[in-house]
$ cat model-v1.txt   # compact mmCIF, C-alpha atoms
# COMPACT_ATOMS: atom_id res chain seq x y z
CA ASN A 29 -314.69 34.90 44.40
CA ALA A 30 -317.96 36.80 44.61
CA GLY A 31 -319.55 33.89 46.49
CA VAL A 32 -323.34 33.79 46.23
CA THR A 33 -324.98 36.78 44.57
CA GLN A 34 -328.66 37.62 44.40
CA THR A 35 -330.60 40.19 42.42
CA PRO A 36 -332.61 42.28 42.96
CA LYS A 37 -332.08 43.36 46.57
CA PHE A 38 -335.57 44.80 46.86
CA GLN A 39 -338.72 44.26 44.82
CA VAL A 40 -342.34 45.34 45.08
CA LEU A 41 -344.93 43.41 43.11
CA LYS A 42 -348.65 43.65 42.68
CA THR A 43 -350.78 40.60 43.31
CA GLY A 44 -350.82 38.38 40.24
CA GLN A 45 -347.57 39.60 38.76
CA SER A 46 -344.77 37.19 38.04
CA MET A 47 -341.06 37.66 38.47
CA THR A 48 -337.76 35.82 38.74
CA LEU A 49 -335.30 36.15 41.59
CA GLN A 50 -331.79 35.55 40.38
CA CYS A 51 -329.10 33.60 42.20
CA ALA A 52 -325.59 32.81 41.06
CA GLN A 53 -322.52 31.28 42.66
CA ASP A 54 -318.96 31.07 41.41
CA MET A 55 -317.68 28.37 43.78
CA ASN A 56 -318.63 25.41 41.56
CA HIS A 57 -320.93 24.00 44.22
CA GLU A 58 -323.31 21.29 43.13
CA TYR A 59 -325.94 21.90 45.76
CA MET A 60 -328.01 25.09 45.81
CA SER A 61 -331.16 26.02 47.64
CA TRP A 62 -333.76 28.74 48.15
CA TYR A 63 -335.17 29.71 51.54
CA ARG A 64 -337.71 32.21 52.67
CA GLN A 65 -337.38 33.96 56.00
CA ASP A 66 -340.44 35.13 57.87
CA PRO A 67 -340.58 36.63 61.39
CA GLY A 68 -340.72 33.96 64.07
CA MET A 69 -340.44 31.13 61.56
CA GLY A 70 -336.74 30.96 60.84
CA LEU A 71 -335.68 29.86 57.38
CA ARG A 72 -337.86 27.48 55.43
CA LEU A 73 -336.65 25.59 52.40
CA ILE A 74 -338.56 26.30 49.18
CA HIS A 75 -336.67 24.31 46.53
CA TYR A 76 -333.23 22.84 46.15
CA SER A 77 -331.00 21.44 43.46
CA VAL A 78 -328.28 18.80 43.69
CA GLY A 79 -326.79 19.62 40.31
CA ALA A 80 -327.53 20.99 36.87
CA GLY A 81 -330.82 19.61 35.59
CA ILE A 82 -331.90 18.25 38.99
CA THR A 83 -334.29 20.08 41.30
CA ASP A 84 -336.64 19.05 44.07
CA GLN A 85 -339.19 20.55 46.41
CA GLY A 86 -338.49 21.68 49.91
CA GLU A 87 -340.83 22.44 52.76
CA VAL A 88 -342.84 25.30 51.17
CA PRO A 89 -342.72 24.93 47.35
CA ASN A 90 -346.23 26.07 46.40
CA GLY A 91 -346.30 29.13 44.15
CA TYR A 92 -342.64 28.86 43.19
CA ASN A 93 -340.76 27.27 40.30
CA VAL A 94 -337.06 26.62 39.84
CA SER A 95 -334.75 25.35 37.16
CA ARG A 96 -331.02 24.62 37.07
CA SER A 97 -329.62 24.75 33.58
CA THR A 98 -326.06 25.47 34.72
CA THR A 99 -324.04 24.80 37.88
CA GLU A 100 -323.72 28.54 38.50
CA ASP A 101 -327.32 29.74 38.29
CA PHE A 102 -330.45 28.82 40.23
CA PRO A 103 -333.33 31.26 39.55
CA LEU A 104 -336.54 31.22 41.56
CA ARG A 105 -339.76 32.12 39.74
CA LEU A 106 -342.90 33.43 41.34
CA LEU A 107 -345.68 32.43 38.98
CA SER A 108 -348.49 34.67 40.27
CA ALA A 109 -347.43 36.70 43.28
CA ALA A 110 -349.62 36.71 46.39
CA PRO A 111 -349.34 38.83 49.56
CA SER A 112 -348.43 35.64 51.46
CA GLN A 113 -345.19 35.58 49.47
CA THR A 114 -344.03 38.83 51.05
CA SER A 115 -340.79 37.70 52.64
CA VAL A 116 -337.03 37.83 52.52
CA TYR A 117 -335.59 35.25 50.15
CA PHE A 118 -332.14 33.76 50.58
CA CYS A 119 -330.25 31.65 48.11
CA ALA A 120 -327.49 29.35 49.36
CA SER A 121 -324.93 27.02 47.89
CA SER A 122 -323.23 24.19 49.73
CA GLU A 123 -319.73 22.84 49.74
CA LEU A 124 -318.94 19.22 50.53
CA ILE A 125 -316.48 19.48 53.43
CA ARG A 126 -315.89 15.86 54.28
CA GLY A 127 -317.74 12.59 53.81
CA GLY A 128 -321.39 13.54 54.07
CA SER A 129 -320.87 16.97 55.60
CA TYR A 130 -321.88 20.18 53.89
CA GLU A 131 -321.30 23.81 54.70
CA GLN A 132 -323.75 26.36 53.35
CA TYR A 133 -322.96 29.84 52.06
CA PHE A 134 -325.75 32.39 51.87
CA GLY A 135 -326.43 35.21 49.47
CA PRO A 136 -327.36 38.72 50.67
CA GLY A 137 -331.10 38.17 50.25
CA THR A 138 -333.97 39.69 48.28
CA ARG A 139 -336.66 41.56 50.18
CA LEU A 140 -339.95 41.07 48.34
CA THR A 141 -343.20 42.88 49.07
CA VAL A 142 -346.42 41.87 47.35
CA THR A 143 -349.27 44.37 47.58
CA ALA B 1 -339.92 14.75 62.16
CA GLN B 2 -336.54 16.43 62.41
CA SER B 3 -336.70 19.78 64.12
CA VAL B 4 -334.61 22.41 65.83
CA SER B 5 -335.89 24.31 68.85
CA GLN B 6 -334.69 27.66 70.03
CA HIS B 7 -336.71 28.30 73.15
CA ASN B 8 -335.67 31.90 73.71
CA HIS B 9 -337.38 34.00 71.08
CA HIS B 10 -336.36 37.38 72.48
CA VAL B 11 -333.50 38.13 74.87
CA ILE B 12 -332.61 41.53 76.28
CA LEU B 13 -329.30 42.00 78.06
CA SER B 14 -327.19 44.86 79.28
CA GLU B 15 -323.68 45.28 77.97
CA ALA B 16 -321.13 43.05 79.73
CA ALA B 17 -323.78 40.51 80.73
CA SER B 18 -323.17 36.88 79.88
CA LEU B 19 -325.18 35.22 77.12
CA GLU B 20 -326.43 31.70 76.64
CA LEU B 21 -328.86 30.85 73.85
CA GLY B 22 -330.38 27.41 73.80
CA CYS B 23 -330.60 25.11 70.80
CA ASN B 24 -332.01 21.58 70.89
CA TYR B 25 -332.60 19.28 67.97
CA SER B 26 -334.47 16.09 67.34
CA TYR B 27 -332.51 13.66 65.18
CA GLY B 28 -331.06 10.35 66.24
CA GLY B 29 -328.12 10.15 63.89
CA THR B 30 -324.87 12.02 63.41
CA VAL B 31 -325.24 15.73 62.81
CA ASN B 32 -323.25 18.79 61.92
CA LEU B 33 -324.22 21.90 63.86
CA PHE B 34 -324.09 25.59 63.08
CA TRP B 35 -324.87 28.96 64.56
CA TYR B 36 -325.55 31.86 62.22
CA VAL B 37 -325.97 35.53 63.05
CA GLN B 38 -328.02 38.07 61.12
CA TYR B 39 -327.37 41.72 61.91
CA PRO B 40 -330.21 44.13 61.14
CA GLY B 41 -330.73 44.41 57.39
CA GLN B 42 -327.96 41.99 56.57
CA HIS B 43 -327.66 38.40 55.43
CA LEU B 44 -326.75 35.37 57.47
CA GLN B 45 -323.16 35.00 58.56
CA LEU B 46 -321.61 31.88 60.02
CA LEU B 47 -320.61 32.30 63.68
CA LEU B 48 -319.30 28.82 64.32
CA LYS B 49 -319.69 25.21 63.29
CA TYR B 50 -319.24 21.75 64.70
CA PHE B 51 -318.49 18.69 62.59
CA SER B 52 -316.64 16.39 64.97
CA GLY B 53 -313.95 16.36 67.65
CA ASP B 54 -313.83 18.73 70.61
CA PRO B 55 -317.45 19.45 71.56
CA LEU B 56 -316.53 22.97 72.66
CA VAL B 57 -316.29 25.08 69.54
CA LYS B 58 -314.98 28.61 69.36
CA GLY B 59 -316.22 30.99 66.71
CA ILE B 60 -315.80 34.57 65.68
CA LYS B 61 -316.36 37.64 67.88
CA GLY B 62 -315.81 35.73 71.13
CA PHE B 63 -318.69 33.31 70.71
CA GLU B 64 -318.48 29.65 71.61
CA ALA B 65 -320.87 26.71 71.63
CA GLU B 66 -320.89 23.35 73.33
CA PHE B 67 -322.27 20.21 71.75
CA ILE B 68 -323.79 17.89 74.35
CA LYS B 69 -324.75 14.77 72.45
CA SER B 70 -326.71 13.20 75.31
CA LYS B 71 -328.91 16.28 75.52
CA PHE B 72 -329.14 16.88 71.75
CA SER B 73 -328.08 20.44 72.48
CA PHE B 74 -325.74 23.00 70.96
CA ASN B 75 -326.00 26.11 73.12
CA LEU B 76 -324.33 29.35 72.14
CA ARG B 77 -322.43 31.36 74.76
CA LYS B 78 -320.55 34.60 75.11
CA PRO B 79 -319.06 35.72 78.44
CA SER B 80 -319.61 39.45 77.92
CA VAL B 81 -321.92 40.85 75.25
CA GLN B 82 -321.53 44.16 73.49
CA TRP B 83 -324.09 46.52 72.00
CA SER B 84 -322.87 45.44 68.56
CA ASP B 85 -324.03 41.87 69.27
CA THR B 86 -327.62 43.02 68.81
CA ALA B 87 -328.85 40.67 66.08
CA GLU B 88 -330.88 37.58 65.38
CA TYR B 89 -329.21 34.23 65.98
CA PHE B 90 -330.12 31.00 64.21
CA CYS B 91 -329.16 27.46 65.10
CA ALA B 92 -329.05 24.96 62.22
CA VAL B 93 -328.58 21.22 62.00
CA ASN B 94 -327.29 19.28 59.01
CA PRO B 95 -327.85 15.51 59.32
CA SER B 96 -324.63 13.91 58.15
CA GLY B 97 -324.78 12.44 54.69
CA THR B 98 -327.52 14.83 53.58
CA TYR B 99 -327.69 18.24 51.97
CA LYS B 100 -330.52 19.26 54.24
CA TYR B 101 -330.27 22.07 56.76
CA ILE B 102 -332.93 22.45 59.42
CA PHE B 103 -333.11 25.87 61.01
CA GLY B 104 -334.48 26.96 64.32
CA THR B 105 -336.90 29.86 64.45
CA GLY B 106 -334.23 32.25 65.68
CA THR B 107 -333.55 34.29 68.81
CA ARG B 108 -333.57 38.07 68.68
CA LEU B 109 -330.95 39.50 71.00
CA LYS B 110 -331.03 43.12 72.03
CA VAL B 111 -328.09 44.47 74.00
CA LEU B 112 -328.67 47.69 75.87
CA ALA B 113 -325.78 50.12 76.00
$ encode --input "model-v1.txt" --output "structure tokens"
Amino acid sequence: NAGVTQTPKFQVLKTGQSMTLQCAQDMNHEYMSWYRQDPGMGLRLIHYSVGAGITDQGEVPNGYNVSRSTTEDFPLRLLSAAPSQTSVYFCASSELIRGGSYEQYFGPGTRLTVT
Amino acid sequence: AQSVSQHNHHVILSEAASLELGCNYSYGGTVNLFWYVQYPGQHLQLLLKYFSGDPLVKGIKGFEAEFIKSKFSFNLRKPSVQWSDTAEYFCAVNPSGTYKYIFGTGTRLKVLA
């Protein structure tokens, strides 16, 4: 198992550009999520998905779009990049351990800089 | 609102010192609890987890944590730190029956050789 993979590892964008951060998992997990990590703020949830075709907003969704056409893939789109979106982005997928309990597995992250 | 507090933002210790990092959460129901570690330039790795049972949980690399339900706390401990423990540590809470994870803001630990 590769677990959770993310591409690219690093990206520099100019303000106004758009791009897609890729995330894939091979563990057949239904639940996937995107976080951003900023210094002193921990991890904040951007969007999540509870299965193919179902997505919902997290804590900081503005400026980001997601879709979930397959169980494996959960791409995150930046529609028009802004310097405030400079961050490290982590994708995660969750496994149902026991009734109502989930364990999350994280990808290696994408470091994004918007100039 | 549900939240997780990590009161120590930066901790500096000498090698062999003992470590305790605080984690408190605000949620009245049943929770699952986690500590993650992030070494410089790397992604989050699970240190230990608590779902139920013995409130003293042992994890990897000599770390342990104790769940004290009455105090809504899940503090991380290590009796003797090493230089290689220099990292950022995150506490996370998963309310049972939900997918949601709530993370603390993290504690940066620096261990001096």
$ closest_residue --input "model-v1.txt" --among "A:Ser112, A:Asn93, A:Thr141, A:Ser61" --to "chain B" --atoms "all atoms listed in the file"
A:Ser61
$ closest_atom_pairs --input "model-v1.txt" --of "chain A" --to "chain B" --cutoff "12 Å" --atoms "all atoms listed in the file" --output "JSON lines"
{"residue": "A:Val32", "atom": "CA", "partner": "B:His43", "partner_atom": "CA", "distance": 11.2}
{"residue": "A:Thr33", "atom": "CA", "partner": "B:His43", "partner_atom": "CA", "distance": 11.3}
{"residue": "A:Gln34", "atom": "CA", "partner": "B:His43", "partner_atom": "CA", "distance": 11.1}
{"residue": "A:Lys37", "atom": "CA", "partner": "B:Gln42", "partner_atom": "CA", "distance": 10.9}
{"residue": "A:Phe38", "atom": "CA", "partner": "B:Gly41", "partner_atom": "CA", "distance": 11.6}
{"residue": "A:His57", "atom": "CA", "partner": "B:Tyr99", "partner_atom": "CA", "distance": 11.8}
{"residue": "A:Glu58", "atom": "CA", "partner": "B:Tyr99", "partner_atom": "CA", "distance": 10.3}
{"residue": "A:Tyr59", "atom": "CA", "partner": "B:Tyr99", "partner_atom": "CA", "distance": 7.4}
{"residue": "A:Met60", "atom": "CA", "partner": "B:Tyr99", "partner_atom": "CA", "distance": 9.2}
{"residue": "A:Ser61", "atom": "CA", "partner": "B:Lys100", "partner_atom": "CA", "distance": 9.5}
{"residue": "A:Trp62", "atom": "CA", "partner": "B:Tyr101", "partner_atom": "CA", "distance": 11.4}
{"residue": "A:Tyr63", "atom": "CA", "partner": "B:Phe103", "partner_atom": "CA", "distance": 10.4}
{"residue": "A:Arg64", "atom": "CA", "partner": "B:Phe103", "partner_atom": "CA", "distance": 11.4}
{"residue": "A:Gln65", "atom": "CA", "partner": "B:Thr105", "partner_atom": "CA", "distance": 9.4}
{"residue": "A:Asp66", "atom": "CA", "partner": "B:Thr105", "partner_atom": "CA", "distance": 9.1}
{"residue": "A:Pro67", "atom": "CA", "partner": "B:Thr105", "partner_atom": "CA", "distance": 8.3}
{"residue": "A:Gly68", "atom": "CA", "partner": "B:Thr105", "partner_atom": "CA", "distance": 5.6}
{"residue": "A:Met69", "atom": "CA", "partner": "B:Thr105", "partner_atom": "CA", "distance": 4.7}
{"residue": "A:Gly70", "atom": "CA", "partner": "B:Thr105", "partner_atom": "CA", "distance": 3.8}
{"residue": "A:Leu71", "atom": "CA", "partner": "B:Phe103", "partner_atom": "CA", "distance": 6.0}
{"residue": "A:Arg72", "atom": "CA", "partner": "B:Phe103", "partner_atom": "CA", "distance": 7.5}
{"residue": "A:Leu73", "atom": "CA", "partner": "B:Tyr101", "partner_atom": "CA", "distance": 8.5}
{"residue": "A:Ile74", "atom": "CA", "partner": "B:Lys100", "partner_atom": "CA", "distance": 11.8}
{"residue": "A:His75", "atom": "CA", "partner": "B:Lys100", "partner_atom": "CA", "distance": 11.1}
{"residue": "A:Tyr76", "atom": "CA", "partner": "B:Lys100", "partner_atom": "CA", "distance": 9.3}
{"residue": "A:Ser77", "atom": "CA", "partner": "B:Tyr99", "partner_atom": "CA", "distance": 9.7}
{"residue": "A:Val78", "atom": "CA", "partner": "B:Tyr99", "partner_atom": "CA", "distance": 8.3}
{"residue": "A:Gly79", "atom": "CA", "partner": "B:Tyr99", "partner_atom": "CA", "distance": 11.8}
{"residue": "A:Asp84", "atom": "CA", "partner": "B:Lys100", "partner_atom": "CA", "distance": 11.9}
{"residue": "A:Gln85", "atom": "CA", "partner": "B:Lys100", "partner_atom": "CA", "distance": 11.8}
{"residue": "A:Gly86", "atom": "CA", "partner": "B:Lys100", "partner_atom": "CA", "distance": 9.4}
{"residue": "A:Glu87", "atom": "CA", "partner": "B:Ile102", "partner_atom": "CA", "distance": 10.3}
{"residue": "A:Val116", "atom": "CA", "partner": "B:His43", "partner_atom": "CA", "distance": 9.8}
{"residue": "A:Tyr117", "atom": "CA", "partner": "B:His43", "partner_atom": "CA", "distance": 10.0}
{"residue": "A:Phe118", "atom": "CA", "partner": "B:His43", "partner_atom": "CA", "distance": 8.1}
{"residue": "A:Cys119", "atom": "CA", "partner": "B:His43", "partner_atom": "CA", "distance": 10.3}
{"residue": "A:Ala120", "atom": "CA", "partner": "B:Leu44", "partner_atom": "CA", "distance": 10.1}
{"residue": "A:Ser121", "atom": "CA", "partner": "B:Tyr99", "partner_atom": "CA", "distance": 10.1}
{"residue": "A:Ser122", "atom": "CA", "partner": "B:Tyr99", "partner_atom": "CA", "distance": 7.8}
{"residue": "A:Glu123", "atom": "CA", "partner": "B:Tyr99", "partner_atom": "CA", "distance": 9.5}
{"residue": "A:Leu124", "atom": "CA", "partner": "B:Tyr99", "partner_atom": "CA", "distance": 8.9}
{"residue": "A:Ile125", "atom": "CA", "partner": "B:Phe51", "partner_atom": "CA", "distance": 9.4}
{"residue": "A:Arg126", "atom": "CA", "partner": "B:Phe51", "partner_atom": "CA", "distance": 9.2}
{"residue": "A:Gly127", "atom": "CA", "partner": "B:Gly97", "partner_atom": "CA", "distance": 7.1}
{"residue": "A:Gly128", "atom": "CA", "partner": "B:Gly97", "partner_atom": "CA", "distance": 3.6}
{"residue": "A:Ser129", "atom": "CA", "partner": "B:Ser96", "partner_atom": "CA", "distance": 5.5}
{"residue": "A:Tyr130", "atom": "CA", "partner": "B:Tyr99", "partner_atom": "CA", "distance": 6.4}
{"residue": "A:Glu131", "atom": "CA", "partner": "B:Asn94", "partner_atom": "CA", "distance": 8.7}
{"residue": "A:Gln132", "atom": "CA", "partner": "B:Tyr101", "partner_atom": "CA", "distance": 8.5}
{"residue": "A:Tyr133", "atom": "CA", "partner": "B:Gln45", "partner_atom": "CA", "distance": 8.3}
{"residue": "A:Phe134", "atom": "CA", "partner": "B:Leu44", "partner_atom": "CA", "distance": 6.4}
{"residue": "A:Gly135", "atom": "CA", "partner": "B:His43", "partner_atom": "CA", "distance": 6.9}
{"residue": "A:Pro136", "atom": "CA", "partner": "B:His43", "partner_atom": "CA", "distance": 4.8}
{"residue": "A:Gly137", "atom": "CA", "partner": "B:His43", "partner_atom": "CA", "distance": 6.2}
{"residue": "A:Thr138", "atom": "CA", "partner": "B:His43", "partner_atom": "CA", "distance": 9.6}
{"residue": "A:Arg139", "atom": "CA", "partner": "B:Gly41", "partner_atom": "CA", "distance": 9.8}
$ write_last_selection --input "model-v1.txt" --atoms "C-alpha atoms" --output "mmCIF file, in the coordinates of the input"
data_model
loop_
_atom_site.group_PDB
_atom_site.id
_atom_site.type_symbol
_atom_site.label_atom_id
_atom_site.label_comp_id
_atom_site.auth_asym_id
_atom_site.auth_seq_id
_atom_site.Cartn_x
_atom_site.Cartn_y
_atom_site.Cartn_z
ATOM 1 C CA VAL A 32 -323.340 33.790 46.230
ATOM 2 C CA THR A 33 -324.980 36.780 44.570
ATOM 3 C CA GLN A 34 -328.660 37.620 44.400
ATOM 4 C CA LYS A 37 -332.080 43.360 46.570
ATOM 5 C CA PHE A 38 -335.570 44.800 46.860
ATOM 6 C CA HIS A 57 -320.930 24.000 44.220
ATOM 7 C CA GLU A 58 -323.310 21.290 43.130
ATOM 8 C CA TYR A 59 -325.940 21.900 45.760
ATOM 9 C CA MET A 60 -328.010 25.090 45.810
ATOM 10 C CA SER A 61 -331.160 26.020 47.640
ATOM 11 C CA TRP A 62 -333.760 28.740 48.150
ATOM 12 C CA TYR A 63 -335.170 29.710 51.540
ATOM 13 C CA ARG A 64 -337.710 32.210 52.670
ATOM 14 C CA GLN A 65 -337.380 33.960 56.000
ATOM 15 C CA ASP A 66 -340.440 35.130 57.870
ATOM 16 C CA PRO A 67 -340.580 36.630 61.390
ATOM 17 C CA GLY A 68 -340.720 33.960 64.070
ATOM 18 C CA MET A 69 -340.440 31.130 61.560
ATOM 19 C CA GLY A 70 -336.740 30.960 60.840
ATOM 20 C CA LEU A 71 -335.680 29.860 57.380
ATOM 21 C CA ARG A 72 -337.860 27.480 55.430
ATOM 22 C CA LEU A 73 -336.650 25.590 52.400
ATOM 23 C CA ILE A 74 -338.560 26.300 49.180
ATOM 24 C CA HIS A 75 -336.670 24.310 46.530
ATOM 25 C CA TYR A 76 -333.230 22.840 46.150
ATOM 26 C CA SER A 77 -331.000 21.440 43.460
ATOM 27 C CA VAL A 78 -328.280 18.800 43.690
ATOM 28 C CA GLY A 79 -326.790 19.620 40.310
ATOM 29 C CA ASP A 84 -336.640 19.050 44.070
ATOM 30 C CA GLN A 85 -339.190 20.550 46.410
ATOM 31 C CA GLY A 86 -338.490 21.680 49.910
ATOM 32 C CA GLU A 87 -340.830 22.440 52.760
ATOM 33 C CA VAL A 116 -337.030 37.830 52.520
ATOM 34 C CA TYR A 117 -335.590 35.250 50.150
ATOM 35 C CA PHE A 118 -332.140 33.760 50.580
ATOM 36 C CA CYS A 119 -330.250 31.650 48.110
ATOM 37 C CA ALA A 120 -327.490 29.350 49.360
ATOM 38 C CA SER A 121 -324.930 27.020 47.890
ATOM 39 C CA SER A 122 -323.230 24.190 49.730
ATOM 40 C CA GLU A 123 -319.730 22.840 49.740
ATOM 41 C CA LEU A 124 -318.940 19.220 50.530
ATOM 42 C CA ILE A 125 -316.480 19.480 53.430
ATOM 43 C CA ARG A 126 -315.890 15.860 54.280
ATOM 44 C CA GLY A 127 -317.740 12.590 53.810
ATOM 45 C CA GLY A 128 -321.390 13.540 54.070
ATOM 46 C CA SER A 129 -320.870 16.970 55.600
ATOM 47 C CA TYR A 130 -321.880 20.180 53.890
ATOM 48 C CA GLU A 131 -321.300 23.810 54.700
ATOM 49 C CA GLN A 132 -323.750 26.360 53.350
ATOM 50 C CA TYR A 133 -322.960 29.840 52.060
ATOM 51 C CA PHE A 134 -325.750 32.390 51.870
ATOM 52 C CA GLY A 135 -326.430 35.210 49.470
ATOM 53 C CA PRO A 136 -327.360 38.720 50.670
ATOM 54 C CA GLY A 137 -331.100 38.170 50.250
ATOM 55 C CA THR A 138 -333.970 39.690 48.280
ATOM 56 C CA ARG A 139 -336.660 41.560 50.180
#
$ axis_aligned_box --input "model-v1.txt" --around "segment 99-111 of chain B" --padding-each-side "6 Å" --output "AutoDock Vina command-line options"
--center_x -332.3 --center_y 31.4 --center_z 63.0 --size_x 21.2 --size_y 38.2 --size_z 34.0
$ atom_distance --input "model-v1.txt" --atom1 "atom CA of Glu66 of chain B" --atom2 "atom CA of Thr30 of chain B"
15.6 Å
$ atom_distance --input "model-v1.txt" --atom1 "atom CA of Ser84 of chain B" --atom2 "atom CA of Asn24 of chain B"
25.7 Å
$ atom_distance --input "model-v1.txt" --atom1 "atom CA of Asn75 of chain B" --atom2 "atom CA of Ile12 of chain B"
17.1 Å
$ residues_around --input "model-v1.txt" --residues "Pro55 of chain B" --least-positions-apart "3" --cutoff "10 Å" --atoms "all atoms listed in the file" --output "list in words"
Tyr50, Phe51, Ser52, Lys58, Ala65, Glu66, Phe67, Ile68, Lys69 and Phe74 of chain B
$ closest_residue --input "model-v1.txt" --among "B:Ser73, B:Ser26, B:Ser18, B:Thr86" --to "Val4 of chain B" --atoms "all atoms listed in the file"
B:Ser26
$ closest_residue --input "model-v1.txt" --among "A:Glu100, A:Tyr92, A:Leu140, A:Thr48" --to "Ser115 of chain A" --atoms "all atoms listed in the file"
A:Leu140
$ residues_near_point --input "model-v1.txt" --point "(-349.4, 35.2, 41.8)" --cutoff "7 Å" --atoms "only C-alpha atoms" --output "compact mmCIF listing (two decimals) with C-alpha atoms, keeping the file's coordinate frame"
# COMPACT_ATOMS: atom_id res chain seq x y z
CA THR A 43 -350.78 40.60 43.31
CA GLY A 44 -350.82 38.38 40.24
CA GLN A 45 -347.57 39.60 38.76
CA SER A 46 -344.77 37.19 38.04
CA LEU A 106 -342.90 33.43 41.34
CA LEU A 107 -345.68 32.43 38.98
CA SER A 108 -348.49 34.67 40.27
CA ALA A 109 -347.43 36.70 43.28
CA ALA A 110 -349.62 36.71 46.39
